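Comments concern the structure below.
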Amino acid sequence: MCSSRVPGALACGLVALLVAGCTGDPEPPAPPAGTPEEPAPVPTSFEGDPPPGIEGEVLRYLHGDSADVHEIFADPGGVRISAVGDAFLVSAGSEDRHLLHDAATGETLWEGGVRLRGFDADLEREAVMLMEDAEGTSFALDGQGGVLWEETREGDVFLDGIAVRRPAEWTHDDPYGEYVLLDAGGEELWSYEFAAPEEEGDEEDEAEEDGEEDDGSQEEPALGVPVAAWQDLVLLASGGPELHARSLDPDSAGEELWTVDGEDEDLGLVSSGPVPTPQVLGFHPLPDEGGDVLLVRWASSEAASVLSAHDPDDGELLWTLEEPGTNPVAHPYDPAGTGGALYDGETGTLLLPQASGTATAVALDLAEGETLWGLEEEGGAFSPAFAFDGMFYGTSRGGGDQPDTQVVLDARSMDTVSGELSSQVEAVTDSGHAVLVQGRQRFVYGPSPEEAEASESPSPEPSE
């Protein structure tokens, strides 16, 4: 990824000096001492080739006096840009202020002076932005800037497209009480009581008072804390080695669908020590109509963690895979997800960070349950940023006097697709529009609005 070629700017400077020497033109007089130099104008034309996977044309540039864009792009603290569905979220560096910018047209979809708390997805896995206003009220916006959900009672939380109303004064250590699950519009889907487990002695005393032996036939159905939702189900973590899937269908809300149990012999987790509690990493759609995968991590502080993949429709175990080393044991009631993971839906490859072992991250084939490759420390410091069209984009830290560079890796093979780019990709949307950074300028590159509209339009039915 290193190059011995003379940098383009330096080469142009050498050529200019040679031309001036040949023409015999006098050198311009030096400016008086103390005269401030005029800054070079911000470039408005894109030079070179776009990065791999990015197709289309330059649609607009975002900085400079001639840029026809929202004034947030001139924020004195700079801006940060993230992809949200088919749009760009532009965040000011000097204050809590954000703009949702349509990638294809540049139209402002939404703007507001609120706090960005993070990103999520709805039940169909469409992008969602989690916000908080000045009064501390939480709300969620969809990828077009529409209000998807708004907190109506203090303590309500947004979870994968539904709202969870937890017991008053809820804590991780005391999660017991009444739960209400609501849809994004505030309509109740299901409510239940998550009761604290009884002490073993209390159960025996209660059975004696009833004058009956406890044969387990009256056992209460397993419940827990909602940690993930997907389409028409919610996953409840009981605090033990189980995950319980319950229905969100209005006709069968709360019905038990299936359970994943860490003590199941097929998982291979049973040992002399306690069975780990499950951590939901997420739901991922496989390519080529391969269905969906629920990925779960079983972490222990003393052994390598294990991944298990399940069919969300019935909980069936698809495969298990041991990770390179130990990973942190998450709290059993933490919401689904893990920081830094990247999923490429084009190839079904998940790049999953590792806390220990032989790799800092491993690329997994979620259909087959195989490790494709790993990022090793000896190979240089590589920070993955995002996935797009079968590739992982990231930054290779040069160290010392060497600058950081953006590198593009093939998601399946780890081969370098392009190690020397004329521009860097800051963000890329689902529609294939990208923000390219080059020469103090940001360019939006991608399909024109007409091309994008044509690609989304259904093909006409053949005439008879």
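Naming works like this for the structure tokens: A, B, ... for the chains as they're shown, residue 1 at the start of each chain, ligands 1 onward in shown order.
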### Task
Tell me, as an NGL selection string, which residues lie within 9 Å of range 343-353 of chain A, counting only C-alpha atoms; anything in the same chain fewer than 6 positions away does not count.
:A and (284-288 or 359-367 or 372 or 374 or 384 or 386-392 or 411-412)
### Task
For range 310-320 of chain A, work out the shell of residues within 6 Å, counting only C-alpha atoms and skipping chain neighbours fewer than 3 positions away, then give it as a list in words.
Trp258, Val293, Leu294, Leu307 and Gly369 of chain A
Suppose we keep C-alpha atoms; can you now write the selection as a tab-separated table (two decimals), in the first residue's frame?
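File out_39.tsv, as written:
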chain	number	residue	atom	x	y	z
A	258	TRP	CA	-39.61	-20.99	20.77
A	293	VAL	CA	-30.04	-15.51	10.75
A	294	LEU	CA	-30.23	-14.71	14.45
A	307	LEU	CA	-21.33	-18.15	18.45
A	369	GLY	CA	-20.83	-20.67	9.87
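You can rank A:Gly394, A:Gly112, A:Pro197, A:Pro278 by their closest distance to Val408 in chain A using only C-alpha atoms, and at the top of that list sits A:Gly394.
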## Note on the structure
Expressed in Å, the length from CA of Val275 in chain A to CA of Pro328 in chain A is 14.9 Å
